[in-house]
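Worksheet: one structure, shown below.
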Amino acid sequence: MKKMCALSVFMALTFAARAFSAPTNFPNRDIKILVPFAPGGGTDTMARILSRAAGKKYFGGHSLVVENMGGGGAIGHSFVANTAPSDGYTVMLFTNSCINNTLLKKVNYSYKDFKPIIGCNPDAELLAVPVDSPIKDLRDLLEVAKNQNVKVATPGHTSLHHILAMNMARLMGLKFV
């Protein structure tokens with residue numbers, strides 16, 4: 001899996017280099033993976049795993065170098081959309097925040113300013129309850145949430161997880177807090 005992921009990234013970045021008209025000796029320096037969030041979160045962790053898996057082996061002695069640009073995505077998205085050169089040496093991890101920010105904040109970019117080149121980390125959604133909870137499955141959860149408040153934890157306000165939970169509550173008449 002580790003080799004497959006690194007190889008896929010290499011192929012995608014090679015394709016990106018061609019799409020951006022990079023020289024045929026691409027890469028001839030390190031490639032920056034911009035994470036549009038502060039260090040330590042899930043997106044940052046995935047980028048660092050990807051960087052380690054690829055190592056220098058797939059890039060002619062060059063590395064994938066992770067650079068964080070916090071600000072809830074907007075600062076990093078804006079940098080890549082408006083400032084970063086289109087030469088294949090700066091790639092960004094694109095999450096749903098790139099779309100959500102354009103809907104919920106005043107930003108100077110659109111999701112249309114980016115060209116996806118590889119899907120590398122789909123988020124799995126998970127419902128979990130304490131071990132001793134009377135809720136044993138989704139049916140139990142839905143029944144309880146129709147009649148009483150159920151606390152729902154997500155990675156953050158306006159994250160895809162938060163929006164999905166609130167939409168589910170709205171559509172199904174659930175009392176999610």
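We name chains A, B, ... following the order of the structure tokens; residues begin at 1 in each chain, and ligands are numbered from 1 as shown.
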
Exercise. Could you pull the residues within 12 Å of Ser110 (chain A), counting only C-alpha atoms, minus those fewer than 4 positions along the same chain, as an MDAnalysis selection string?
Worked result: chainID A and resid 74 77:78 80:82 97:103 105:106 114:115

Once you have the residues from the selection above, write them out as an mmCIF file, in the first residue's frame, restricted to N, CA, C and O atoms.
data_model
loop_
_atom_site.group_PDB
_atom_site.id
_atom_site.type_symbol
_atom_site.label_atom_id
_atom_site.label_comp_id
_atom_site.auth_asym_id
_atom_site.auth_seq_id
_atom_site.Cartn_x
_atom_site.Cartn_y
_atom_site.Cartn_z
ATOM 1 N N ALA A 74 -8.531 29.075 4.274
ATOM 2 C CA ALA A 74 -8.666 30.228 3.379
ATOM 3 C C ALA A 74 -7.334 30.843 2.970
ATOM 4 O O ALA A 74 -7.155 31.219 1.811
ATOM 5 N N HIS A 77 -5.581 28.298 0.568
ATOM 6 C CA HIS A 77 -6.324 28.238 -0.693
ATOM 7 C C HIS A 77 -6.061 29.489 -1.519
ATOM 8 O O HIS A 77 -5.820 29.410 -2.723
ATOM 9 N N SER A 78 -6.120 30.641 -0.857
ATOM 10 C CA SER A 78 -5.895 31.905 -1.549
ATOM 11 C C SER A 78 -4.485 31.968 -2.138
ATOM 12 O O SER A 78 -4.294 32.406 -3.281
ATOM 13 N N VAL A 80 -2.495 29.459 -3.077
ATOM 14 C CA VAL A 80 -2.352 28.570 -4.237
ATOM 15 C C VAL A 80 -3.137 29.109 -5.432
ATOM 16 O O VAL A 80 -2.649 29.099 -6.560
ATOM 17 N N ALA A 81 -4.336 29.615 -5.190
ATOM 18 C CA ALA A 81 -5.166 30.120 -6.294
ATOM 19 C C ALA A 81 -4.606 31.390 -6.919
ATOM 20 O O ALA A 81 -4.712 31.571 -8.132
ATOM 21 N N ASN A 82 -3.999 32.252 -6.106
ATOM 22 C CA ASN A 82 -3.658 33.583 -6.595
ATOM 23 C C ASN A 82 -2.168 33.912 -6.668
ATOM 24 O O ASN A 82 -1.798 34.860 -7.351
ATOM 25 N N SER A 97 -13.245 22.136 2.734
ATOM 26 C CA SER A 97 -13.184 23.523 3.202
ATOM 27 C C SER A 97 -12.963 24.491 2.038
ATOM 28 O O SER A 97 -13.366 25.649 2.110
ATOM 29 N N CYS A 98 -12.352 24.018 0.982
ATOM 30 C CA CYS A 98 -12.112 24.871 -0.180
ATOM 31 C C CYS A 98 -13.442 25.295 -0.801
ATOM 32 O O CYS A 98 -13.570 26.402 -1.311
ATOM 33 N N ILE A 99 -14.424 24.446 -0.728
ATOM 34 C CA ILE A 99 -15.756 24.777 -1.235
ATOM 35 C C ILE A 99 -16.559 25.494 -0.156
ATOM 36 O O ILE A 99 -17.162 26.539 -0.402
ATOM 37 N N ASN A 100 -16.555 24.939 1.071
ATOM 38 C CA ASN A 100 -17.329 25.550 2.163
ATOM 39 C C ASN A 100 -16.923 26.994 2.408
ATOM 40 O O ASN A 100 -17.782 27.847 2.648
ATOM 41 N N ASN A 101 -15.635 27.279 2.365
ATOM 42 C CA ASN A 101 -15.183 28.650 2.612
ATOM 43 C C ASN A 101 -15.755 29.634 1.593
ATOM 44 O O ASN A 101 -16.059 30.773 1.929
ATOM 45 N N THR A 102 -15.915 29.189 0.346
ATOM 46 C CA THR A 102 -16.464 30.098 -0.666
ATOM 47 C C THR A 102 -17.944 30.368 -0.425
ATOM 48 O O THR A 102 -18.462 31.390 -0.868
ATOM 49 N N LEU A 103 -18.609 29.474 0.270
ATOM 50 C CA LEU A 103 -20.033 29.646 0.567
ATOM 51 C C LEU A 103 -20.270 30.409 1.863
ATOM 52 O O LEU A 103 -21.289 31.082 2.014
ATOM 53 N N LYS A 105 -17.701 32.297 3.738
ATOM 54 C CA LYS A 105 -16.783 33.384 4.056
ATOM 55 C C LYS A 105 -16.552 34.230 2.804
ATOM 56 O O LYS A 105 -16.788 33.768 1.688
ATOM 57 N N LYS A 106 -16.037 35.416 3.021
ATOM 58 C CA LYS A 106 -15.641 36.244 1.872
ATOM 59 C C LYS A 106 -14.192 35.881 1.548
ATOM 60 O O LYS A 106 -13.282 36.179 2.313
ATOM 61 N N PHE A 114 -8.881 25.564 -8.942
ATOM 62 C CA PHE A 114 -8.017 24.425 -8.657
ATOM 63 C C PHE A 114 -8.315 23.281 -9.612
ATOM 64 O O PHE A 114 -9.448 23.108 -10.054
ATOM 65 N N LYS A 115 -7.274 22.511 -9.912
ATOM 66 C CA LYS A 115 -7.435 21.341 -10.774
ATOM 67 C C LYS A 115 -7.035 20.102 -9.970
ATOM 68 O O LYS A 115 -5.857 19.902 -9.668
#

For this session: Identify, on the basis of only C-alpha atoms, every residue whose closest approach to Gly42 (chain A) does not exceed 12 Å; exclude the query and any residue fewer than 3 positions from it along the same chain; express the result as a ChimeraX atom specification.
Result: /A:35-39,45-49,93,95,121-124,155

Exercise. Leaving out Asn149 (chain A) and any residue of its chain fewer than 2 positions from it, which residues lie within 6 Å of it when counting only C-alpha atoms, given as a list of chain:residue names?
Worked result: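 Answer for this query is A:Ala145, A:Lys175, A:Phe176.
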
Exercise. Could you pull out all residues of chain A with a DSSP call of helix (DSSP H, G or I) and give them as a ChimeraX atom specification?
Worked result: /A:2-19,42-54,57-59,74-82,97-104,111-113,138-147,160-172

For this session: Return the single residue from A:Leu64, A:Ala169, A:Val91, A:Leu126 that is closest to Gly76 (chain A), with distances computed using only C-alpha atoms.
Result: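 Residue with the minimum atom-to-atom distance to Gly76 (chain A): A:Val91.
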
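CA of Tyr111 (chain A) to CA of Pro85 (chain A) spans 17.2 Å [interatomic distance, one decimal].
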
Exercise. Tell me, which residues of region 7-110 of chain A carry DSSP strand (DSSP E), written as a list in words?
Worked result: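 Strand (DSSP E) members of region 7-110 of chain A, listed: Ile31, Lys32, Ile33, Leu34, Val35, Leu64, Val65, Val66, Glu67, Asn68, Thr90, Val91 and Met92 of chain A.
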
Mind dumping the selected residues with all heavy atoms as an mmCIF file, in the first residue's frame?
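And here is the file that came out, selection.cif:
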data_model
loop_
_atom_site.group_PDB
_atom_site.id
_atom_site.type_symbol
_atom_site.label_atom_id
_atom_site.label_comp_id
_atom_site.auth_asym_id
_atom_site.auth_seq_id
_atom_site.Cartn_x
_atom_site.Cartn_y
_atom_site.Cartn_z
ATOM 1 N N ILE A 31 9.248 19.210 -4.183
ATOM 2 C CA ILE A 31 7.876 19.607 -4.460
ATOM 3 C C ILE A 31 7.208 19.933 -3.126
ATOM 4 O O ILE A 31 7.285 19.144 -2.184
ATOM 5 C CB ILE A 31 7.104 18.479 -5.174
ATOM 6 C CG1 ILE A 31 7.767 18.159 -6.510
ATOM 7 C CG2 ILE A 31 5.634 18.850 -5.343
ATOM 8 C CD1 ILE A 31 7.281 16.875 -7.137
ATOM 9 N N LYS A 32 6.560 21.082 -3.058
ATOM 10 C CA LYS A 32 5.887 21.504 -1.831
ATOM 11 C C LYS A 32 4.454 20.989 -1.832
ATOM 12 O O LYS A 32 3.714 21.192 -2.789
ATOM 13 C CB LYS A 32 5.882 23.024 -1.734
ATOM 14 C CG LYS A 32 5.176 23.548 -0.497
ATOM 15 C CD LYS A 32 4.979 25.056 -0.393
ATOM 16 C CE LYS A 32 5.741 25.922 -1.289
ATOM 17 N NZ LYS A 32 5.509 27.347 -1.113
ATOM 18 N N ILE A 33 4.085 20.310 -0.738
ATOM 19 C CA ILE A 33 2.678 19.960 -0.512
ATOM 20 C C ILE A 33 2.165 20.977 0.495
ATOM 21 O O ILE A 33 2.553 20.957 1.658
ATOM 22 C CB ILE A 33 2.503 18.544 0.070
ATOM 23 C CG1 ILE A 33 3.052 17.484 -0.862
ATOM 24 C CG2 ILE A 33 1.025 18.291 0.356
ATOM 25 C CD1 ILE A 33 2.915 16.078 -0.311
ATOM 26 N N LEU A 34 1.317 21.874 0.051
ATOM 27 C CA LEU A 34 0.775 22.879 0.943
ATOM 28 C C LEU A 34 -0.449 22.308 1.651
ATOM 29 O O LEU A 34 -1.381 21.838 1.005
ATOM 30 C CB LEU A 34 0.392 24.137 0.177
ATOM 31 C CG LEU A 34 0.111 25.294 1.123
ATOM 32 C CD1 LEU A 34 0.875 26.522 0.686
ATOM 33 C CD2 LEU A 34 -1.347 25.550 1.233
ATOM 34 N N VAL A 35 -0.405 22.327 2.976
ATOM 35 C CA VAL A 35 -1.541 21.921 3.801
ATOM 36 C C VAL A 35 -2.174 23.219 4.301
ATOM 37 O O VAL A 35 -1.537 23.955 5.052
ATOM 38 C CB VAL A 35 -1.094 21.040 4.985
ATOM 39 C CG1 VAL A 35 -2.269 20.703 5.881
ATOM 40 C CG2 VAL A 35 -0.421 19.773 4.481
ATOM 41 N N LEU A 64 8.952 15.354 -1.274
ATOM 42 C CA LEU A 64 7.703 16.076 -1.074
ATOM 43 C C LEU A 64 7.850 16.758 0.275
ATOM 44 O O LEU A 64 8.023 16.090 1.290
ATOM 45 C CB LEU A 64 6.519 15.112 -1.039
ATOM 46 C CG LEU A 64 6.239 14.317 -2.312
ATOM 47 C CD1 LEU A 64 5.095 13.329 -2.069
ATOM 48 C CD2 LEU A 64 5.902 15.235 -3.455
ATOM 49 N N VAL A 65 7.808 18.059 0.309
ATOM 50 C CA VAL A 65 8.021 18.818 1.541
ATOM 51 C C VAL A 65 6.694 19.430 1.973
ATOM 52 O O VAL A 65 6.068 20.182 1.222
ATOM 53 C CB VAL A 65 9.074 19.930 1.326
ATOM 54 C CG1 VAL A 65 9.274 20.742 2.595
ATOM 55 C CG2 VAL A 65 10.388 19.318 0.850
ATOM 56 N N VAL A 66 6.280 19.093 3.185
ATOM 57 C CA VAL A 66 5.009 19.592 3.706
ATOM 58 C C VAL A 66 5.195 20.999 4.259
ATOM 59 O O VAL A 66 6.120 21.262 5.020
ATOM 60 C CB VAL A 66 4.470 18.658 4.809
ATOM 61 C CG1 VAL A 66 3.183 19.222 5.413
ATOM 62 C CG2 VAL A 66 4.250 17.252 4.261
ATOM 63 N N GLU A 67 4.309 21.902 3.851
ATOM 64 C CA GLU A 67 4.302 23.250 4.401
ATOM 65 C C GLU A 67 2.880 23.578 4.843
ATOM 66 O O GLU A 67 1.934 23.401 4.074
ATOM 67 C CB GLU A 67 4.745 24.273 3.352
ATOM 68 C CG GLU A 67 4.768 25.697 3.890
ATOM 69 C CD GLU A 67 5.249 26.704 2.861
ATOM 70 O OE1 GLU A 67 6.229 26.413 2.154
ATOM 71 O OE2 GLU A 67 4.626 27.772 2.762
ATOM 72 N N ASN A 68 2.745 23.995 6.085
ATOM 73 C CA ASN A 68 1.433 24.345 6.624
ATOM 74 C C ASN A 68 1.177 25.837 6.482
ATOM 75 O O ASN A 68 2.081 26.643 6.646
ATOM 76 C CB ASN A 68 1.335 23.965 8.103
ATOM 77 C CG ASN A 68 1.475 22.485 8.298
ATOM 78 O OD1 ASN A 68 2.580 21.973 8.388
ATOM 79 N ND2 ASN A 68 0.369 21.791 8.352
ATOM 80 N N THR A 90 4.221 23.284 -6.539
ATOM 81 C CA THR A 90 3.380 23.523 -5.369
ATOM 82 C C THR A 90 2.055 22.821 -5.624
ATOM 83 O O THR A 90 1.348 23.135 -6.588
ATOM 84 C CB THR A 90 3.117 25.033 -5.140
ATOM 85 O OG1 THR A 90 4.355 25.691 -4.937
ATOM 86 C CG2 THR A 90 2.236 25.251 -3.911
ATOM 87 N N VAL A 91 1.755 21.850 -4.788
ATOM 88 C CA VAL A 91 0.468 21.164 -4.830
ATOM 89 C C VAL A 91 -0.190 21.388 -3.478
ATOM 90 O O VAL A 91 0.479 21.661 -2.485
ATOM 91 C CB VAL A 91 0.614 19.657 -5.154
ATOM 92 C CG1 VAL A 91 1.173 19.451 -6.547
ATOM 93 C CG2 VAL A 91 1.457 18.938 -4.123
ATOM 94 N N MET A 92 -1.499 21.300 -3.441
ATOM 95 C CA MET A 92 -2.219 21.572 -2.210
ATOM 96 C C MET A 92 -3.168 20.422 -1.920
ATOM 97 O O MET A 92 -3.764 19.855 -2.838
ATOM 98 C CB MET A 92 -3.023 22.867 -2.353
ATOM 99 C CG MET A 92 -3.835 23.227 -1.133
ATOM 100 S SD MET A 92 -4.886 24.679 -1.414
ATOM 101 C CE MET A 92 -6.196 23.970 -2.418
#

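Using only C-alpha atoms, the shortest contact distance between Met172 (chain A) and any of A:Thr83, A:Asn147, A:Thr43, A:Asn25 is found at A:Asn147.
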
For this session: Please provide as a ChimeraX atom specification all residues within 10 Å of Asn96 (chain A), with the sequence filter that same-chain residues fewer than 5 positions apart are discarded (counting only C-alpha atoms).
Result: /A:73,101,111,158-161

Would you save the residues of that selection, restricted to N, CA and C atoms, as an mmCIF file, in the first residue's frame?
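See selection21.cif below for the written result:
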data_model
loop_
_atom_site.group_PDB
_atom_site.id
_atom_site.type_symbol
_atom_site.label_atom_id
_atom_site.label_comp_id
_atom_site.auth_asym_id
_atom_site.auth_seq_id
_atom_site.Cartn_x
_atom_site.Cartn_y
_atom_site.Cartn_z
ATOM 1 N N GLY A 73 -7.994 27.076 6.207
ATOM 2 C CA GLY A 73 -7.961 26.768 4.780
ATOM 3 C C GLY A 73 -7.886 27.992 3.891
ATOM 4 N N ASN A 101 -15.635 27.279 2.365
ATOM 5 C CA ASN A 101 -15.183 28.650 2.612
ATOM 6 C C ASN A 101 -15.755 29.634 1.593
ATOM 7 N N TYR A 111 -13.569 27.359 -5.978
ATOM 8 C CA TYR A 111 -13.107 25.982 -6.158
ATOM 9 C C TYR A 111 -12.695 25.746 -7.606
ATOM 10 N N THR A 158 -18.672 24.095 10.479
ATOM 11 C CA THR A 158 -18.711 24.208 9.021
ATOM 12 C C THR A 158 -17.833 23.185 8.301
ATOM 13 N N SER A 159 -17.268 22.215 9.037
ATOM 14 C CA SER A 159 -16.581 21.120 8.342
ATOM 15 C C SER A 159 -17.648 20.287 7.639
ATOM 16 N N LEU A 160 -17.238 19.492 6.682
ATOM 17 C CA LEU A 160 -18.201 18.641 5.977
ATOM 18 C C LEU A 160 -18.943 17.761 6.971
ATOM 19 N N HIS A 161 -18.232 17.232 7.958
ATOM 20 C CA HIS A 161 -18.845 16.357 8.956
ATOM 21 C C HIS A 161 -19.949 17.102 9.716
#

Seminar exercise, completed: For Ala153 (chain A), the closest of A:Arg170, A:Pro134, A:Val177, A:Ala84 counting only C-alpha atoms is A:Val177

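For the residues A:Pro27, A:Leu174, A:Ile75, A:Gly61, ranking by smallest atom-to-atom distance to Glu143 (chain A) using only C-alpha atoms places A:Leu174 first.
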